[in-house]
$ cat data.cif   # mmCIF, C-alpha atoms
data_upload
#
loop_
_atom_site.group_PDB
_atom_site.id
_atom_site.type_symbol
_atom_site.label_atom_id
_atom_site.label_comp_id
_atom_site.auth_asym_id
_atom_site.auth_seq_id
_atom_site.Cartn_x
_atom_site.Cartn_y
_atom_site.Cartn_z
ATOM 1 C CA MET A 521 48.496 115.038 78.887
ATOM 2 C CA GLU A 522 50.477 114.771 75.652
ATOM 3 C CA THR A 523 51.057 118.539 75.593
ATOM 4 C CA LYS A 524 52.224 118.474 79.205
ATOM 5 C CA ARG A 525 54.623 115.637 78.436
ATOM 6 C CA GLU A 526 56.049 117.517 75.444
ATOM 7 C CA PHE A 527 56.506 120.555 77.686
ATOM 8 C CA TYR A 528 58.554 118.542 80.172
ATOM 9 C CA ILE A 529 60.688 117.066 77.376
ATOM 10 C CA GLU A 530 61.374 120.517 75.920
ATOM 11 C CA ASP A 531 62.127 121.867 79.390
ATOM 12 C CA GLU A 532 64.670 119.105 80.050
ATOM 13 C CA GLU A 533 66.304 119.739 76.683
ATOM 14 C CA ALA A 534 66.567 123.460 77.468
ATOM 15 C CA ILE A 535 68.159 122.731 80.840
ATOM 16 C CA ALA A 536 70.643 120.307 79.274
ATOM 17 C CA LYS A 537 71.546 122.893 76.622
ATOM 18 C CA ARG A 538 72.070 125.622 79.230
ATOM 19 C CA ARG A 539 74.270 123.310 81.295
ATOM 20 C CA LYS A 540 76.352 122.436 78.241
ATOM 21 C CA ASN A 541 76.793 126.090 77.283
ATOM 22 C CA PHE A 542 77.654 127.087 80.854
ATOM 23 C CA THR A 543 80.206 124.280 81.066
ATOM 24 C CA ARG A 544 81.893 125.398 77.850
ATOM 25 C CA ILE A 545 81.991 129.026 79.018
ATOM 26 C CA GLY A 546 83.499 127.894 82.325
ATOM 27 C CA GLN A 547 86.154 125.785 80.605
ATOM 28 C CA TRP A 548 87.226 128.586 78.265
ATOM 29 C CA SER A 549 87.139 131.166 81.053
ATOM 30 C CA PHE A 550 89.331 129.066 83.320
ATOM 31 C CA GLY A 551 91.886 128.527 80.545
ATOM 32 C CA ILE A 552 92.012 132.219 79.636
ATOM 33 C CA LEU A 553 92.320 133.315 83.279
ATOM 34 C CA PHE A 554 95.092 130.775 83.861
ATOM 35 C CA LEU A 555 97.125 132.045 80.881
ATOM 36 C CA LEU A 556 96.504 135.676 81.884
ATOM 37 C CA ALA A 557 97.631 135.028 85.459
ATOM 38 C CA TRP A 558 100.729 133.188 84.208
ATOM 39 C CA GLU A 559 101.600 136.093 81.889
ATOM 40 C CA LEU A 560 101.155 138.737 84.594
ATOM 41 C CA LEU A 561 103.060 136.785 87.263
ATOM 42 C CA SER A 562 105.965 136.396 84.832
ATOM 43 C CA LYS A 563 105.827 140.072 83.757
ATOM 44 C CA TRP A 564 105.737 141.325 87.350
ATOM 45 C CA LYS A 565 108.704 139.069 88.283
ATOM 46 C CA ILE A 566 106.659 137.176 90.869
ATOM 47 C CA ILE A 567 107.767 133.940 89.195
ATOM 48 C CA ASP A 568 111.151 133.432 87.527
ATOM 49 C CA SER A 569 110.546 133.898 83.791
ATOM 50 C CA TYR A 570 113.733 131.990 82.963
ATOM 51 C CA TYR A 571 112.369 128.745 84.380
ATOM 52 C CA TRP A 572 108.626 129.299 83.919
ATOM 53 C CA SER A 573 108.710 131.436 80.757
ATOM 54 C CA SER A 574 105.394 133.115 79.803
ATOM 55 C CA PRO A 575 102.569 132.443 77.335
ATOM 56 C CA THR A 576 103.661 135.245 74.960
ATOM 57 C CA THR A 577 107.287 134.079 74.966
ATOM 58 C CA ILE A 578 106.215 130.482 74.386
ATOM 59 C CA TRP A 579 104.004 131.646 71.509
ATOM 60 C CA LYS A 580 106.859 133.581 69.876
ATOM 61 C CA THR A 581 109.302 130.688 70.313
ATOM 62 C CA GLY A 582 106.740 128.245 68.957
ATOM 63 C CA TYR A 583 106.098 130.440 65.926
ATOM 64 C CA ILE A 584 109.820 130.526 65.144
ATOM 65 C CA ALA A 585 110.078 126.747 65.590
ATOM 66 C CA TRP A 586 107.062 126.289 63.317
ATOM 67 C CA THR A 587 108.259 128.552 60.506
ATOM 68 C CA GLU A 588 112.026 128.051 60.696
ATOM 69 C CA GLY A 589 112.439 124.690 62.417
ATOM 70 C CA SER A 590 111.030 121.178 62.200
ATOM 71 C CA LEU A 591 108.125 121.516 64.652
ATOM 72 C CA TRP A 592 105.564 120.428 62.051
ATOM 73 C CA ASN A 593 107.543 117.316 61.136
ATOM 74 C CA ASP A 594 108.057 116.496 64.819
ATOM 75 C CA LEU A 595 104.338 116.891 65.464
ATOM 76 C CA ILE A 596 103.411 114.584 62.577
ATOM 77 C CA TYR A 597 105.976 112.015 63.739
ATOM 78 C CA THR A 598 104.739 111.939 67.345
ATOM 79 C CA SER A 599 101.036 111.990 66.522
ATOM 80 C CA GLY A 600 101.482 109.339 63.811
ATOM 81 C CA ALA A 601 103.289 106.905 66.123
ATOM 82 C CA THR A 602 100.720 107.519 68.856
ATOM 83 C CA ILE A 603 97.716 106.940 66.586
ATOM 84 C CA PHE A 604 99.208 103.810 64.990
ATOM 85 C CA GLY A 605 100.133 102.295 68.352
ATOM 86 C CA PHE A 606 96.786 103.290 69.852
ATOM 87 C CA GLY A 607 94.829 101.770 66.965
ATOM 88 C CA LEU A 608 96.783 98.511 66.912
ATOM 89 C CA GLY A 609 96.763 98.166 70.697
ATOM 90 C CA THR A 610 93.021 98.785 70.928
ATOM 91 C CA PHE A 611 92.190 96.409 68.076
ATOM 92 C CA PHE A 612 94.339 93.478 69.169
ATOM 93 C CA GLY A 613 93.571 94.091 72.836
ATOM 94 C CA ALA A 614 89.858 93.867 72.080
ATOM 95 C CA LEU A 615 90.397 90.658 70.118
ATOM 96 C CA LEU A 616 92.404 89.186 72.992
ATOM 97 C CA GLY A 617 89.784 90.086 75.581
ATOM 98 C CA LEU A 618 86.918 88.798 73.444
ATOM 99 C CA SER A 619 88.744 85.531 72.797
ATOM 100 C CA PHE A 620 88.372 84.618 76.477
ATOM 101 C CA TRP A 621 84.637 84.056 75.927
ATOM 102 C CA TRP A 622 85.282 81.049 73.714
ATOM 103 C CA SER A 623 86.878 78.851 76.362
ATOM 104 C CA TYR A 624 86.448 78.788 80.147
ATOM 105 C CA TYR A 625 89.777 77.028 80.731
ATOM 106 C CA TYR A 626 91.653 79.266 78.299
ATOM 107 C CA SER A 627 90.365 82.381 80.055
ATOM 108 C CA ARG A 628 91.084 81.102 83.569
ATOM 109 C CA ILE A 629 94.588 79.927 82.690
ATOM 110 C CA SER A 630 95.446 83.143 80.860
ATOM 111 C CA GLU A 631 93.922 85.610 83.340
ATOM 112 C CA PRO A 632 96.724 85.630 85.976
ATOM 113 C CA TYR A 633 99.380 86.082 83.281
ATOM 114 C CA LEU A 634 97.420 88.957 81.756
ATOM 115 C CA ILE A 635 97.142 90.646 85.141
ATOM 116 C CA ALA A 636 100.812 90.027 85.883
ATOM 117 C CA PHE A 637 101.864 91.552 82.557
ATOM 118 C CA ASN A 638 99.610 94.522 83.240
ATOM 119 C CA ALA A 639 101.445 95.071 86.543
ATOM 120 C CA VAL A 640 104.816 95.199 84.775
ATOM 121 C CA PRO A 641 105.855 98.835 84.168
ATOM 122 C CA LYS A 642 105.946 98.773 80.366
ATOM 123 C CA LEU A 643 107.977 101.980 80.219
ATOM 124 C CA ALA A 644 110.784 100.146 82.015
ATOM 125 C CA LEU A 645 111.033 97.927 78.935
ATOM 126 C CA ALA A 646 111.379 100.948 76.651
ATOM 127 C CA PRO A 647 115.201 100.769 76.323
ATOM 128 C CA VAL A 648 115.001 97.093 75.356
ATOM 129 C CA LEU A 649 112.256 97.751 72.803
ATOM 130 C CA VAL A 650 114.171 100.659 71.267
ATOM 131 C CA ILE A 651 117.271 98.476 70.932
ATOM 132 C CA LEU A 652 115.191 95.619 69.513
ATOM 133 C CA PHE A 653 113.144 97.649 67.007
ATOM 134 C CA GLY A 654 115.626 100.448 66.336
ATOM 135 C CA ILE A 655 115.502 104.186 66.942
ATOM 136 C CA GLY A 656 113.066 104.814 64.095
ATOM 137 C CA PHE A 657 109.301 105.092 63.847
ATOM 138 C CA GLY A 658 108.642 101.406 64.519
ATOM 139 C CA SER A 659 109.923 101.351 68.098
ATOM 140 C CA LYS A 660 107.648 104.285 69.033
ATOM 141 C CA VAL A 661 104.632 102.481 67.583
ATOM 142 C CA VAL A 662 105.557 99.332 69.514
ATOM 143 C CA LEU A 663 105.820 101.287 72.765
ATOM 144 C CA ALA A 664 102.417 102.893 72.208
ATOM 145 C CA PHE A 665 101.043 99.448 71.314
ATOM 146 C CA MET A 666 102.447 97.859 74.482
ATOM 147 C CA MET A 667 100.938 100.621 76.617
ATOM 148 C CA THR A 668 97.417 100.046 75.289
ATOM 149 C CA ILE A 669 96.898 96.384 74.431
ATOM 150 C CA ILE A 670 96.614 95.019 77.985
ATOM 151 C CA THR A 671 94.309 97.815 79.159
ATOM 152 C CA THR A 672 91.924 97.095 76.282
ATOM 153 C CA ALA A 673 92.158 93.326 76.796
ATOM 154 C CA LEU A 674 91.240 93.628 80.476
ATOM 155 C CA ALA A 675 88.356 95.965 79.656
ATOM 156 C CA ALA A 676 87.031 93.556 77.018
ATOM 157 C CA TYR A 677 87.449 90.619 79.394
ATOM 158 C CA SER A 678 85.425 92.468 82.051
ATOM 159 C CA GLY A 679 82.715 92.959 79.450
ATOM 160 C CA VAL A 680 82.819 89.265 78.551
ATOM 161 C CA LYS A 681 82.265 88.318 82.203
ATOM 162 C CA ALA A 682 79.284 90.690 82.321
ATOM 163 C CA VAL A 683 77.459 88.957 79.439
ATOM 164 C CA ASP A 684 73.961 87.841 80.426
ATOM 165 C CA LYS A 685 74.086 84.028 80.712
ATOM 166 C CA ASP A 686 70.309 83.714 80.525
ATOM 167 C CA LEU A 687 70.316 85.599 77.225
ATOM 168 C CA GLU A 688 72.965 83.199 75.902
ATOM 169 C CA LYS A 689 70.836 80.217 76.921
ATOM 170 C CA LEU A 690 67.805 81.791 75.247
ATOM 171 C CA MET A 691 69.751 82.271 72.005
ATOM 172 C CA TYR A 692 70.928 78.655 72.055
ATOM 173 C CA SER A 693 67.398 77.416 72.770
ATOM 174 C CA LEU A 694 66.190 79.290 69.680
ATOM 175 C CA GLY A 695 68.726 77.440 67.548
ATOM 176 C CA ALA A 696 71.508 80.050 67.420
ATOM 177 C CA LYS A 697 75.045 78.887 66.706
ATOM 178 C CA ARG A 698 77.986 79.833 68.912
ATOM 179 C CA TRP A 699 79.192 82.377 66.356
ATOM 180 C CA HIS A 700 75.740 84.011 66.298
ATOM 181 C CA VAL A 701 75.757 84.359 70.094
ATOM 182 C CA PHE A 702 79.230 85.876 69.912
ATOM 183 C CA THR A 703 78.315 88.465 67.287
ATOM 184 C CA LYS A 704 74.772 89.263 68.485
ATOM 185 C CA VAL A 705 75.235 89.136 72.275
ATOM 186 C CA VAL A 706 78.890 89.108 73.368
ATOM 187 C CA ILE A 707 80.282 91.867 71.131
ATOM 188 C CA PRO A 708 77.385 94.329 71.740
ATOM 189 C CA THR A 709 77.634 93.703 75.494
ATOM 190 C CA THR A 710 81.398 94.218 75.650
ATOM 191 C CA MET A 711 81.468 97.213 73.297
ATOM 192 C CA PRO A 712 80.816 99.826 76.054
ATOM 193 C CA TRP A 713 83.617 98.281 78.123
ATOM 194 C CA ILE A 714 86.050 98.442 75.220
ATOM 195 C CA VAL A 715 85.049 101.978 74.314
ATOM 196 C CA SER A 716 85.453 103.102 77.928
ATOM 197 C CA SER A 717 89.167 102.272 77.694
ATOM 198 C CA LEU A 718 89.772 104.550 74.685
ATOM 199 C CA LYS A 719 90.217 107.745 76.701
ATOM 200 C CA ILE A 720 92.776 106.052 78.949
ATOM 201 C CA ASN A 721 94.523 104.361 76.035
ATOM 202 C CA ILE A 722 95.150 107.521 74.018
ATOM 203 C CA ALA A 723 96.990 109.091 76.963
ATOM 204 C CA LEU A 724 98.992 105.895 77.552
ATOM 205 C CA ALA A 725 99.887 105.642 73.859
ATOM 206 C CA LEU A 726 101.133 109.238 73.809
ATOM 207 C CA ALA A 727 103.195 108.623 76.953
ATOM 208 C CA GLY A 728 104.777 105.527 75.400
ATOM 209 C CA THR A 729 105.676 107.417 72.226
ATOM 210 C CA ILE A 730 107.238 110.320 74.133
ATOM 211 C CA VAL A 731 109.311 108.014 76.339
ATOM 212 C CA GLY A 732 110.586 106.230 73.232
ATOM 213 C CA GLU A 733 111.586 109.582 71.746
ATOM 214 C CA PHE A 734 113.332 110.536 74.989
ATOM 215 C CA ILE A 735 115.441 107.389 74.857
ATOM 216 C CA SER A 736 116.516 107.645 71.232
ATOM 217 C CA SER A 737 114.934 109.229 68.189
ATOM 218 C CA ARG A 738 115.718 111.375 65.173
ATOM 219 C CA GLN A 739 112.341 113.145 65.237
ATOM 220 C CA GLY A 740 109.395 113.861 67.472
ATOM 221 C CA ILE A 741 108.235 116.310 70.132
ATOM 222 C CA GLY A 742 109.960 114.243 72.804
ATOM 223 C CA ARG A 743 113.276 114.523 70.966
ATOM 224 C CA MET A 744 112.737 118.279 70.605
ATOM 225 C CA ILE A 745 112.127 118.671 74.350
ATOM 226 C CA LEU A 746 115.204 116.583 75.166
ATOM 227 C CA TYR A 747 117.365 118.597 72.770
ATOM 228 C CA ALA A 748 116.036 121.901 74.131
ATOM 229 C CA GLY A 749 116.882 120.797 77.667
ATOM 230 C CA GLN A 750 120.420 119.856 76.658
ATOM 231 C CA ILE A 751 121.093 123.299 75.165
ATOM 232 C CA MET A 752 119.269 125.008 78.093
ATOM 233 C CA ASN A 753 116.578 126.522 75.853
ATOM 234 C CA ILE A 754 113.811 126.524 78.459
ATOM 235 C CA ASN A 755 111.376 128.400 76.207
ATOM 236 C CA LEU A 756 111.614 125.653 73.582
ATOM 237 C CA VAL A 757 110.998 123.060 76.307
ATOM 238 C CA TRP A 758 107.783 124.879 77.194
ATOM 239 C CA VAL A 759 106.847 124.954 73.510
ATOM 240 C CA GLY A 760 107.132 121.167 73.456
ATOM 241 C CA VAL A 761 105.036 120.870 76.624
ATOM 242 C CA ALA A 762 102.384 123.194 75.165
ATOM 243 C CA VAL A 763 102.280 121.288 71.871
ATOM 244 C CA LEU A 764 101.897 117.967 73.715
ATOM 245 C CA SER A 765 99.106 119.437 75.843
ATOM 246 C CA ILE A 766 97.215 120.626 72.763
ATOM 247 C CA LEU A 767 97.848 117.310 71.000
ATOM 248 C CA SER A 768 96.523 115.327 73.966
ATOM 249 C CA ILE A 769 93.378 117.496 74.117
ATOM 250 C CA VAL A 770 92.744 117.034 70.388
ATOM 251 C CA MET A 771 93.236 113.272 70.676
ATOM 252 C CA TYR A 772 90.982 113.133 73.733
ATOM 253 C CA PHE A 773 88.096 114.826 71.933
ATOM 254 C CA ALA A 774 88.712 112.586 68.923
ATOM 255 C CA THR A 775 88.228 109.538 71.160
ATOM 256 C CA VAL A 776 85.057 111.123 72.599
ATOM 257 C CA TRP A 777 83.738 111.452 69.042
ATOM 258 C CA ILE A 778 84.663 107.823 68.291
ATOM 259 C CA GLU A 779 82.961 106.757 71.518
ATOM 260 C CA LYS A 780 79.721 108.494 70.549
ATOM 261 C CA LEU A 781 79.934 106.958 67.079
ATOM 262 C CA LEU A 782 80.426 103.415 68.381
ATOM 263 C CA LEU A 783 77.774 103.704 71.096
ATOM 264 C CA LYS A 784 75.248 105.546 68.956
ATOM 265 C CA GLY A 785 71.707 104.818 70.099
ATOM 266 C CA ARG A 786 72.748 103.299 73.441
ATOM 267 C CA ASN A 787 71.920 106.359 75.569
ATOM 268 C CA VAL A 788 75.426 106.392 77.044
ATOM 269 C CA GLU A 789 76.591 109.692 78.588
#
$ encode --input "data.cif" --output "structure tokens"
Amino acid sequence: METKREFYIEDEEAIAKRRKNFTRIGQWSFGILFLLAWELLSKWKIIDSYYWSSPTTIWKTGYIAWTEGSLWNDLIYTSGATIFGFGLGTFFGALLGLSFWWSYYYSRISEPYLIAFNAVPKLALAPVLVILFGIGFGSKVVLAFMMTIITTALAAYSGVKAVDKDLEKLMYSLGAKRWHVFTKVVIPTTMPWIVSSLKINIALALAGTIVGEFISSRQGIGRMILYAGQIMNINLVWVGVAVLSILSIVMYFATVWIEKLLLKGRNVE
């Protein structure tokens, strides 16, 4: 029986490994075929290369911008503002959401205002925030922060409402203090909810940073795209779009790694 059970476990692991490898091959194949089709359609004049450019032209333009321009500095500026705003928004949003567990009346009174603020299009406040915090790095961080804090707070609050009340009562009956219940029951319960918002937050933080750079900035990928559009350098615009796409993918997989780290041992997919 034990040998048969080990066989089934090994068989499941082999199937999971094959699925993972097949998925990766499919992802890479789709990306390569997409770029190849784009290149050929542009070369054969099926699509207008002036507006849509081509992968090889974008690569050449990007190489020039990297070696002769300020692409590296712009990339550091944009990614730095995004990461700072994302980190601060996630941290303080989690604290805000977790704080609702401490008081029933505080949570009920605050909930409608939290939802109302979440409904406000934060990007519409971008011009005000840029004027308030200046055109420098700080305003981009604030925009990224504003885009993420409410999402994390609502996720944490949903986790707080999902806490097992019977488990809380059991902890209290065993002599646990309120702080012990919070650290041993509430935080572990809400952690998957908070972590689930990371993938959404990183995209929102990047969007907030780019919008801030569009409005007014001395550096950043958003500023580069805006400048390229003003001088009608469409290839440089596509370079900016490509860089942002790669940056968002890198940040996405970074959040996946953080998610696995935080939920280690929980058997979460």
$ closest_residue --input "data.cif" --among "A:Met711, A:Ala636, A:Leu643, A:Ile766" --to "A:Leu783" --atoms "only C-alpha atoms"
A:Met711
$ closest_residue --input "data.cif" --among "A:Ser659, A:Thr729, A:Thr581, A:Thr576" --to "A:Ile741" --atoms "only C-alpha atoms"
A:Thr729
$ closest_residue --input "data.cif" --among "A:Ile655, A:Ala536, A:Met667, A:Met752" --to "A:Gly728" --atoms "all atoms listed in the file"
A:Met667
$ resolve_selection --input "data.cif" --expression "the PyMOL selection byres ((chain A and resi 707) around 12)" --output "PyMOL selection string"
chain A and resi 614-615+617-619+621+676-677+679-684+699-706+708-715+782
$ write_last_selection --input "data.cif" --atoms "C-alpha atoms" --output "PDB file, in the coordinates of the input"
ATOM      1  CA  ALA A 614      89.858  93.867  72.080  1.00  0.00           C
ATOM      2  CA  LEU A 615      90.397  90.658  70.118  1.00  0.00           C
ATOM      3  CA  GLY A 617      89.784  90.086  75.581  1.00  0.00           C
ATOM      4  CA  LEU A 618      86.918  88.798  73.444  1.00  0.00           C
ATOM      5  CA  SER A 619      88.744  85.531  72.797  1.00  0.00           C
ATOM      6  CA  TRP A 621      84.637  84.056  75.927  1.00  0.00           C
ATOM      7  CA  ALA A 676      87.031  93.556  77.018  1.00  0.00           C
ATOM      8  CA  TYR A 677      87.449  90.619  79.394  1.00  0.00           C
ATOM      9  CA  GLY A 679      82.715  92.959  79.450  1.00  0.00           C
ATOM     10  CA  VAL A 680      82.819  89.265  78.551  1.00  0.00           C
ATOM     11  CA  LYS A 681      82.265  88.318  82.203  1.00  0.00           C
ATOM     12  CA  ALA A 682      79.284  90.690  82.321  1.00  0.00           C
ATOM     13  CA  VAL A 683      77.459  88.957  79.439  1.00  0.00           C
ATOM     14  CA  ASP A 684      73.961  87.841  80.426  1.00  0.00           C
ATOM     15  CA  TRP A 699      79.192  82.377  66.356  1.00  0.00           C
ATOM     16  CA  HIS A 700      75.740  84.011  66.298  1.00  0.00           C
ATOM     17  CA  VAL A 701      75.757  84.359  70.094  1.00  0.00           C
ATOM     18  CA  PHE A 702      79.230  85.876  69.912  1.00  0.00           C
ATOM     19  CA  THR A 703      78.315  88.465  67.287  1.00  0.00           C
ATOM     20  CA  LYS A 704      74.772  89.263  68.485  1.00  0.00           C
ATOM     21  CA  VAL A 705      75.235  89.136  72.275  1.00  0.00           C
ATOM     22  CA  VAL A 706      78.890  89.108  73.368  1.00  0.00           C
ATOM     23  CA  PRO A 708      77.385  94.329  71.740  1.00  0.00           C
ATOM     24  CA  THR A 709      77.634  93.703  75.494  1.00  0.00           C
ATOM     25  CA  THR A 710      81.398  94.218  75.650  1.00  0.00           C
ATOM     26  CA  MET A 711      81.468  97.213  73.297  1.00  0.00           C
ATOM     27  CA  PRO A 712      80.816  99.826  76.054  1.00  0.00           C
ATOM     28  CA  TRP A 713      83.617  98.281  78.123  1.00  0.00           C
ATOM     29  CA  ILE A 714      86.050  98.442  75.220  1.00  0.00           C
ATOM     30  CA  VAL A 715      85.049 101.978  74.314  1.00  0.00           C
ATOM     31  CA  LEU A 782      80.426 103.415  68.381  1.00  0.00           C
TER      32      LEU A 782
END
$ residues_around --input "data.cif" --residues "A:Ser736" --least-positions-apart "3" --cutoff "10 Å" --atoms "only C-alpha atoms" --output "list in words"
Pro647, Val650, Ile651, Gly654, Ile655, Gly656, Ser659, Lys660, Val731, Gly732, Glu733, Gln739, Gly742, Arg743 and Leu746 of chain A
$ residues_around --input "data.cif" --residues "stretch 566-574 of chain A" --least-positions-apart "6" --cutoff "12 Å" --atoms "all atoms listed in the file" --output "ChimeraX atom specification"
/A:554-560,580-582,749,752-759,761-762
$ axis_aligned_box --input "data.cif" --around "stretch 761-767 of chain A" --padding-each-side "6 Å" --output "AutoDock Vina command-line options"
--center_x 101.1 --center_y 120.3 --center_z 73.8 --size_x 19.8 --size_y 17.9 --size_z 17.6
$ atom_distance --input "data.cif" --atom1 "atom CA of A:Ser590" --atom2 "atom CA of A:Met744"
9.1 Å
$ atom_distance --input "data.cif" --atom1 "atom CA of A:Thr671" --atom2 "atom CA of A:Phe653"
22.4 Å
$ atom_distance --input "data.cif" --atom1 "atom CA of A:Phe606" --atom2 "atom CA of A:Ser630"
23.0 Å
$ residues_around --input "data.cif" --residues "A:Val770" --least-positions-apart "4" --cutoff "12 Å" --atoms "all atoms listed in the file" --output "list in words"
Ser599, Ile603, Lys719, Ile722, Ala723, Leu726, Val763, Leu764, Ser765, Ile766, Ala774, Thr775, Val776 and Trp777 of chain A
$ closest_residue --input "data.cif" --among "A:Ile535, A:Leu561, A:Tyr747, A:Leu781" --to "A:Ile735" --atoms "only C-alpha atoms"
A:Tyr747
$ closest_residue --input "data.cif" --among "A:Leu616, A:Arg738, A:Asn721, A:Ser562" --to "A:Ser678" --atoms "only C-alpha atoms"
A:Leu616
$ build_atoms --input "data.cif" --residues "stretch 703-710 of chain A" --atoms "all heavy atoms" --output "PDB file, keeping the file's coordinate frame"
ATOM      1  N   THR A 703      78.475  87.214  68.037  1.00  0.00           N
ATOM      2  CA  THR A 703      78.315  88.465  67.287  1.00  0.00           C
ATOM      3  C   THR A 703      77.095  89.269  67.723  1.00  0.00           C
ATOM      4  O   THR A 703      77.114  90.501  67.670  1.00  0.00           O
ATOM      5  CB  THR A 703      78.212  88.173  65.780  1.00  0.00           C
ATOM      6  OG1 THR A 703      77.156  87.238  65.546  1.00  0.00           O
ATOM      7  CG2 THR A 703      79.528  87.613  65.257  1.00  0.00           C
ATOM      8  N   LYS A 704      76.016  88.577  68.157  1.00  0.00           N
ATOM      9  CA  LYS A 704      74.772  89.263  68.485  1.00  0.00           C
ATOM     10  C   LYS A 704      74.632  89.610  69.968  1.00  0.00           C
ATOM     11  O   LYS A 704      73.873  90.525  70.318  1.00  0.00           O
ATOM     12  CB  LYS A 704      73.568  88.406  68.066  1.00  0.00           C
ATOM     13  CG  LYS A 704      73.526  88.043  66.589  1.00  0.00           C
ATOM     14  CD  LYS A 704      73.410  89.276  65.712  1.00  0.00           C
ATOM     15  CE  LYS A 704      73.297  88.881  64.248  1.00  0.00           C
ATOM     16  NZ  LYS A 704      73.202  90.075  63.365  1.00  0.00           N
ATOM     17  N   VAL A 705      75.375  88.910  70.829  1.00  0.00           N
ATOM     18  CA  VAL A 705      75.235  89.136  72.275  1.00  0.00           C
ATOM     19  C   VAL A 705      76.545  89.597  72.900  1.00  0.00           C
ATOM     20  O   VAL A 705      76.597  90.642  73.564  1.00  0.00           O
ATOM     21  CB  VAL A 705      74.740  87.851  72.987  1.00  0.00           C
ATOM     22  CG1 VAL A 705      74.670  88.079  74.508  1.00  0.00           C
ATOM     23  CG2 VAL A 705      73.378  87.439  72.455  1.00  0.00           C
ATOM     24  N   VAL A 706      77.630  88.839  72.676  1.00  0.00           N
ATOM     25  CA  VAL A 706      78.890  89.108  73.368  1.00  0.00           C
ATOM     26  C   VAL A 706      79.510  90.436  72.928  1.00  0.00           C
ATOM     27  O   VAL A 706      79.852  91.286  73.760  1.00  0.00           O
ATOM     28  CB  VAL A 706      79.891  87.949  73.138  1.00  0.00           C
ATOM     29  CG1 VAL A 706      81.222  88.267  73.818  1.00  0.00           C
ATOM     30  CG2 VAL A 706      79.320  86.642  73.681  1.00  0.00           C
ATOM     31  N   ILE A 707      79.653  90.629  71.627  1.00  0.00           N
ATOM     32  CA  ILE A 707      80.282  91.867  71.131  1.00  0.00           C
ATOM     33  C   ILE A 707      79.479  93.111  71.515  1.00  0.00           C
ATOM     34  O   ILE A 707      80.062  94.084  72.027  1.00  0.00           O
ATOM     35  CB  ILE A 707      80.505  91.792  69.608  1.00  0.00           C
ATOM     36  CG1 ILE A 707      81.573  90.740  69.284  1.00  0.00           C
ATOM     37  CG2 ILE A 707      80.920  93.150  69.058  1.00  0.00           C
ATOM     38  CD1 ILE A 707      81.873  90.581  67.803  1.00  0.00           C
ATOM     39  N   PRO A 708      78.140  93.135  71.309  1.00  0.00           N
ATOM     40  CA  PRO A 708      77.385  94.329  71.740  1.00  0.00           C
ATOM     41  C   PRO A 708      77.478  94.600  73.241  1.00  0.00           C
ATOM     42  O   PRO A 708      77.499  95.754  73.663  1.00  0.00           O
ATOM     43  CB  PRO A 708      75.945  93.991  71.337  1.00  0.00           C
ATOM     44  CG  PRO A 708      76.082  93.038  70.207  1.00  0.00           C
ATOM     45  CD  PRO A 708      77.280  92.202  70.548  1.00  0.00           C
ATOM     46  N   THR A 709      77.548  93.528  74.046  1.00  0.00           N
ATOM     47  CA  THR A 709      77.634  93.703  75.494  1.00  0.00           C
ATOM     48  C   THR A 709      78.985  94.282  75.905  1.00  0.00           C
ATOM     49  O   THR A 709      79.076  95.141  76.788  1.00  0.00           O
ATOM     50  CB  THR A 709      77.403  92.363  76.220  1.00  0.00           C
ATOM     51  OG1 THR A 709      76.111  91.857  75.882  1.00  0.00           O
ATOM     52  CG2 THR A 709      77.496  92.539  77.730  1.00  0.00           C
ATOM     53  N   THR A 710      80.051  93.786  75.271  1.00  0.00           N
ATOM     54  CA  THR A 710      81.398  94.218  75.650  1.00  0.00           C
ATOM     55  C   THR A 710      81.804  95.542  75.014  1.00  0.00           C
ATOM     56  O   THR A 710      82.769  96.164  75.469  1.00  0.00           O
ATOM     57  CB  THR A 710      82.435  93.153  75.243  1.00  0.00           C
ATOM     58  OG1 THR A 710      82.332  92.906  73.829  1.00  0.00           O
ATOM     59  CG2 THR A 710      82.223  91.857  75.998  1.00  0.00           C
TER      60      THR A 710
END
